[in-house]
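Student: Handing you a structure now.
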Amino acid sequence: MRSVKFLSLSLVVLIALLFGAVAPIAAQDGDNILIMARAADTTGLDPHLQTAFASLRLLELVYEPLVNLDADLNLIPALAESWEFSDDALQLTFALRQGVQFHDGSDLTSEDVKASFERILDEETGAATRANLTSIESIDTPDDYTVVLNLNTPDVPLVSALATVNAVILSSDVIANGEPTTDVVGTGPFMLESWVPEERTILNANPNWWGEGPYVDGIEMRVIPDEASILAALRAGEIDFALLNDPLIATLLIGDQTVELNRAPAISYHVLQLNAARPPLDILEVRQAISCAVDRQAVLDTAALGEGKVTGPLTIPAFELPLDEYFCYEQDLDLARELLEQAGYADGFELTIIAASAEPPTAIAEAQTIQAQLAEIGIEVEIEPLELSVYVDRWLAADFDAAVALNGGRPDPYTMYARYWVEGGNLSTVAGYGDETLDSLMAQGRSESDPEARFEIFADFQRHLVEMAPWVWLYTEYEYTAQQPYVEGFVPMPTDSLYSLSQVRLER
Amino acid sequence: MIRYFTQRAIAFIPTVLGVSLLVFFAIRLIPGDAITAMLGTEAGMLTADQRASLEAYFGLDKPAYEQYFNWLVNLLQGDMGYSVRHGQPVVDVILARFPVTLELALLAVVIALTIGLTFGVISAIFHNSPIDLFGQLFALIGLAAPNFLIGTLIIYILSVYFGILPNAGNYVEFTANPSKNLQQLIFPAITLGFAFSASVMRMTRSAMLEVLSQDYIRTARSKGLKERSILLRHALRNALIPIVTLVGVETGYLLGGTVIVEEIFTLPGIGRLAYNAISQRDYALIQGVTLFIAVNFVVINLLVDFVYTLLDPRISYAKQR
């Protein structure tokens, strides 16, 4: 008897709870805080150390570099108002913006710039971007607002290599006496109030910021690991702004009546890396055959629903070439079979492609499409999906036949590819291929300052790279952000940067 | 009886330590470490000296057995180590997230028992009738439907048809706002409870059927006792023992955190914590969480044994004289 009463009581409570839950929850009121959601969280707070996209998205709002990029990837002043190379290109002088304050109230001076760069160059720090700054021999600070970088070799791309979160300016005080990995003291439009890992980050607007803005009082960044849940939160009006990674989710917002989807072409690129150190990929004709057999547009259409465009090696708009200038960019199965025959592999061979599952979300689908395409010329592909860190481990060791990868782009061709295609580059083993043409073109590109000449150098570079086919470049995708209609002023960037959140208003 | 339980608890210590040893070395055998987890492919840009410096920072430079020894020594002093990713002691990180998982597990158990016991008893009483068939169908769906499907469907229906989403990454604790907290937990609890209730229902039905065919039930009926009294005081109480075993196992599993449901419903629980710790190769945290879950299982085990004594007075752990 008692048990029956207890059971019925529980059922009643359950139903009451359910109805309670379904009752509408009070909407967010006039709080001028931007509520933002994303699936991945920051992995750490040290801007010189962190390279993960998710970390950069937070750190770029609180820290600033000397120079920044605009939506067309042109260099614009940030903490430096102007810069100039000496005639022999061995000295780079920066004139700093005056009246800039750190979040702790101290002034920005050349002392802070020097301390920050020295920290990056110090091997003890473990800053991955140091590899792009090795031309810096020493740093002089003739006065409070002038910094002179003395270079050991002409390095035209150096300025754009500094337009990154990994080269932001820290307070010399914090470097000397504080703990840069946890004390977040920057010059940026927002200040870090709190960070609960894997949950929530709270940012407050910086009232003393040197720029115009911010126009919101703060940002609340929430981690919602499942992108379908982010979509639900947008539709329910619970969040104002979101970062989306998966085209399969983002495309559901196309034509949506309430939520706006922004698509910006990215400079990161999807590529099928081949390991030219491993037979039979060491034979040029074999690699070219693979390049000919792959239908890049079909890979894009199948894996990413056509959200993006086919690309050559350089994804920077200023350096792009028409696709017909490249060797075999349209699928040509006959030529592919011919090349294989020339190489002595008319009957095909076996190939294993590694892919990181879910990173990017399209990786496995790309591999499967390529598998089907290569089957047509007799190459039997086995796909090996790997967990991300396992994939990275094997990628770094170049322990693969082929790998589906999403690699980051840079605004300058030299910074983007020196690591792979220059002899002795940090990742030249991973690239699996090198030759003198590439070396010499890259060296020219590094020291040439005339933009037209540089364009020609890198045009040759790209054509040669595609012809030698150490990798098969596939496509660039869109970076997706989504927002409610009352969010005004956000400018999507090819670098994925959220810096324009400093200009955002909530027009409710 | 206290002696009995204390002895059993102590006997579990070697098991728990064995688990910790296994996990300690297993995670170090997996390719990738905290550095590759943090930097990804950029880790290739490091010089050898830079890598050495980062390894020292992450505590990866000492040999494995030395690391294990240090960890064990610290553990005995109550220090589970430091989570590099969270920047906090492991104990704090786990304790901050355990209440969510605990509450979710308790709610799921309540839902499962409420639905499962009720339907199970009804099915047993009316067995082989249409009601019974419906009950069996419900159980089949509950066991077969994956919880990520149910969870995602619930979220979809809520957000698209009702225009609401109780938890959009802004989880509130029970102590802060009980009603909002329950609103956020009720749907994940239903998702978990659904499958759980199916197994409880089937177990209840079969246990009840078996008990109902016993002689003592016939005796009770012939004595003229009310049917309801027979069912609940005599039959159900005897049928509960296998059900309690089942609930114990399931609860132990739920307390280990359910990654999928926590991910879909954005709950900061132990499941997601463990999953992220593994992805990020946060060794101290992985070891801490595994140990914690193992201890949970031990506690649940002992609790279940204790409940048996409540249900069946014949069961006694006192020393036989």
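If you're wondering about the labels, chains in the structure tokens are A, B, ... by order shown, residues count from 1 in each chain, ligands from 1 in order shown.
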Applying 9 Å and only C-alpha atoms, which residues near range 298-304 of chain A remain after dropping the ones on its own chain fewer than 2 positions away? List them as a ChimeraX atom specification.

Tutor: /A:246-248,294-296,306-310,361-370,474-477

Student: Might you pull out every residue within 7 Å of Thr101 in chain B, with only C-alpha atoms counted and same-chain residues fewer than 4 positions away left off, and present them as a list in words?

Tutor: Arg97, Ala105, Leu255, Gly257, Gly269 and Ile270 of chain B

Student: Only C-alpha atoms, please: the residues just picked out, written as a compact mmCIF listing (two decimals), in the first residue's frame.

Tutor:
# COMPACT_ATOMS: atom_id res chain seq x y z
CA ARG B 97 32.36 18.09 -11.19
CA ALA B 105 22.85 9.49 -11.60
CA LEU B 255 28.68 7.50 -11.36
CA GLY B 257 30.06 9.61 -15.84
CA GLY B 269 30.38 16.07 -15.21
CA ILE B 270 32.97 13.40 -14.56

Student: Excluding range 422-425 of chain A and residues on its chain fewer than 6 positions from it, collect all residues at most 12 Å away from it, counting only C-alpha atoms, and give them as a ChimeraX atom specification.

Tutor: /A:131-132,134,414-416,431-446,461 /B:44-47

Student: Kindly indicate which residue among A:Ala482, A:Ile383, A:Ala95, A:Leu108 lies nearest to Leu234 in chain A, using only C-alpha atoms for the distances.

Tutor: A:Ala482

Student: May I ask which of the residues B:Thr309, B:Thr251, B:Ser123, B:Thr152 is the closest one to chain A, counting only C-alpha atoms?

Tutor: B:Thr152

Student: Find, counting only C-alpha atoms, the residue in A:Cys292, A:Val259, A:Val196, A:Val466 that gets nearest to chain B.

Tutor: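 Ranking A:Cys292, A:Val259, A:Val196, A:Val466 by distance to chain B, first place goes to A:Val196.
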
Student: Skipping near chain neighbours, those fewer than 5 positions away, what residues fall within 9 Å of Leu465 in chain A using only C-alpha atoms, listed as a ChimeraX atom specification?

Tutor: /A:313,438,460,470-471

Student: Compile the residues of chain B that lie within 8 Å of chain A, evaluated using only C-alpha atoms, and express the compilation as an MDAnalysis selection string.

Tutor: chainID B and resid 30:33 36:47 49:51 53:54 85:86 111 114 118 152 155:156 159:160 162:166 168:170 182:184 186 228:229 232 263:266 268 279

Student: Mind writing the picked residues with C-alpha atoms as a short mmCIF file (atom, residue, chain, number, x, y, z; two decimals), in the first residue's frame?

Tutor:
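Generated output (part.cif):
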data_model
loop_
_atom_site.label_atom_id
_atom_site.label_comp_id
_atom_site.auth_asym_id
_atom_site.auth_seq_id
_atom_site.Cartn_x
_atom_site.Cartn_y
_atom_site.Cartn_z
CA ILE B 30 49.52 5.60 -25.92
CA PRO B 31 51.19 7.71 -28.64
CA GLY B 32 51.15 11.44 -28.03
CA ASP B 33 51.71 13.36 -24.83
CA THR B 36 51.42 17.09 -28.82
CA ALA B 37 47.97 17.53 -27.31
CA MET B 38 48.66 21.21 -26.67
CA LEU B 39 50.51 22.11 -29.87
CA GLY B 40 49.23 19.60 -32.38
CA THR B 41 51.25 19.65 -35.56
CA GLU B 42 53.00 22.85 -34.45
CA ALA B 43 54.96 20.65 -32.06
CA GLY B 44 57.15 19.91 -35.07
CA MET B 45 58.38 23.50 -35.00
CA LEU B 46 60.15 23.00 -31.68
CA THR B 47 63.89 22.60 -31.37
CA ASP B 49 65.99 22.22 -26.40
CA GLN B 50 62.52 23.72 -26.54
CA ARG B 51 60.98 20.27 -26.32
CA SER B 53 62.08 22.53 -21.59
CA LEU B 54 58.40 21.79 -22.19
CA ARG B 85 45.32 21.77 -18.31
CA HIS B 86 43.03 23.08 -15.58
CA ILE B 111 13.22 7.69 -12.94
CA THR B 114 9.73 4.54 -10.80
CA THR B 118 5.77 0.01 -11.88
CA THR B 152 19.58 14.54 -29.55
CA ILE B 155 17.04 18.57 -27.66
CA TYR B 156 15.75 18.93 -31.18
CA SER B 159 14.50 23.77 -29.29
CA VAL B 160 12.57 23.57 -32.55
CA PHE B 162 9.05 24.53 -27.96
CA GLY B 163 11.73 27.13 -28.61
CA ILE B 164 13.51 26.43 -25.35
CA LEU B 165 16.75 24.89 -24.24
CA PRO B 166 17.23 24.56 -20.49
CA ALA B 168 22.86 26.33 -23.21
CA GLY B 169 26.23 26.00 -21.55
CA ASN B 170 25.09 27.84 -18.44
CA LEU B 182 16.32 20.43 -12.03
CA GLN B 183 15.08 21.82 -15.33
CA GLN B 184 18.56 21.36 -16.73
CA ILE B 186 15.58 16.35 -15.98
CA ARG B 228 -2.27 -5.96 -3.03
CA SER B 229 -0.64 -6.84 0.24
CA LEU B 232 3.88 -5.67 -2.53
CA GLU B 263 28.38 16.14 -24.20
CA ILE B 264 24.95 16.43 -25.78
CA PHE B 265 23.38 18.20 -22.82
CA THR B 266 26.48 20.26 -22.00
CA PRO B 268 30.18 19.60 -16.63
CA SER B 279 42.36 13.57 -25.24
#

Student: Please give the complete set of residues from range 219-353 of chain A that DSSP, run on the backbone, assigns to strand (DSSP E or B), formatted as a VMD selection string.

Tutor: chain A and resid 219 to 223 241 to 244 260 to 265 269 to 274 308 to 310 350 to 353

Student: Output as a ChimeraX atom specification all residues of range 82-262 of chain B that backbone DSSP marks as helix (DSSP H, G or I).

Tutor: /B:90-125,130-144,147-161,178-212,215-222,227-255,259-262

Student: List the spatial neighbours of Asp72 in chain A as a PDB file with C-alpha atoms, in the first residue's frame - criterion: any atom at most 9 Å away, only C-alpha atoms, same-chain residues fewer than 3 positions off excluded.

Tutor:
ATOM      1  CA  LEU A  69      45.741  41.828 -40.566  1.00  0.00           C
ATOM      2  CA  LEU A  75      49.099  44.394 -42.701  1.00  0.00           C
ATOM      3  CA  PRO A 317      44.054  35.715 -52.340  1.00  0.00           C
ATOM      4  CA  ALA A 318      46.898  37.968 -53.495  1.00  0.00           C
ATOM      5  CA  MET A 493      38.231  37.053 -41.210  1.00  0.00           C
ATOM      6  CA  PRO A 494      40.051  34.511 -43.366  1.00  0.00           C
TER       7      PRO A 494
END

Student: Please provide the set of residues having any atom within 9 Å of range 57-60 of chain B, restricted to only C-alpha atoms, with same-chain residues fewer than 3 positions apart removed, written as a ChimeraX atom specification.

Tutor: /B:33-35,52-54,63-64,67,84

Student: Could those residues be written to a file, using C-alpha atoms, as a tab-separated table (two decimals), in the first residue's frame?

Tutor:
chain	number	residue	atom	x	y	z
B	33	ASP	CA	51.71	13.36	-24.83
B	34	ALA	CA	50.61	16.63	-23.25
B	35	ILE	CA	52.90	18.54	-25.64
B	52	ALA	CA	63.16	19.37	-23.35
B	53	SER	CA	62.08	22.53	-21.59
B	54	LEU	CA	58.40	21.79	-22.19
B	63	PRO	CA	61.39	7.87	-15.99
B	64	ALA	CA	57.94	6.26	-15.63
B	67	GLN	CA	56.84	9.25	-11.72
B	84	VAL	CA	48.24	20.97	-16.07

Student: Near Leu303 in chain B, within 9 Å and counting only C-alpha atoms, which residues show up once chain neighbours fewer than 5 positions away are dropped, as a list of chain:residue names?

Tutor: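 With the cut-off at 9 Å, the set is B:Gly248, B:Val298, B:Tyr308.
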
Student: One decimal, in Å: what's the spacing between CA of Phe119 in chain B and CA of Met203 in chain B?

Tutor: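 Computing it gives 10.8 Å between the two atoms.
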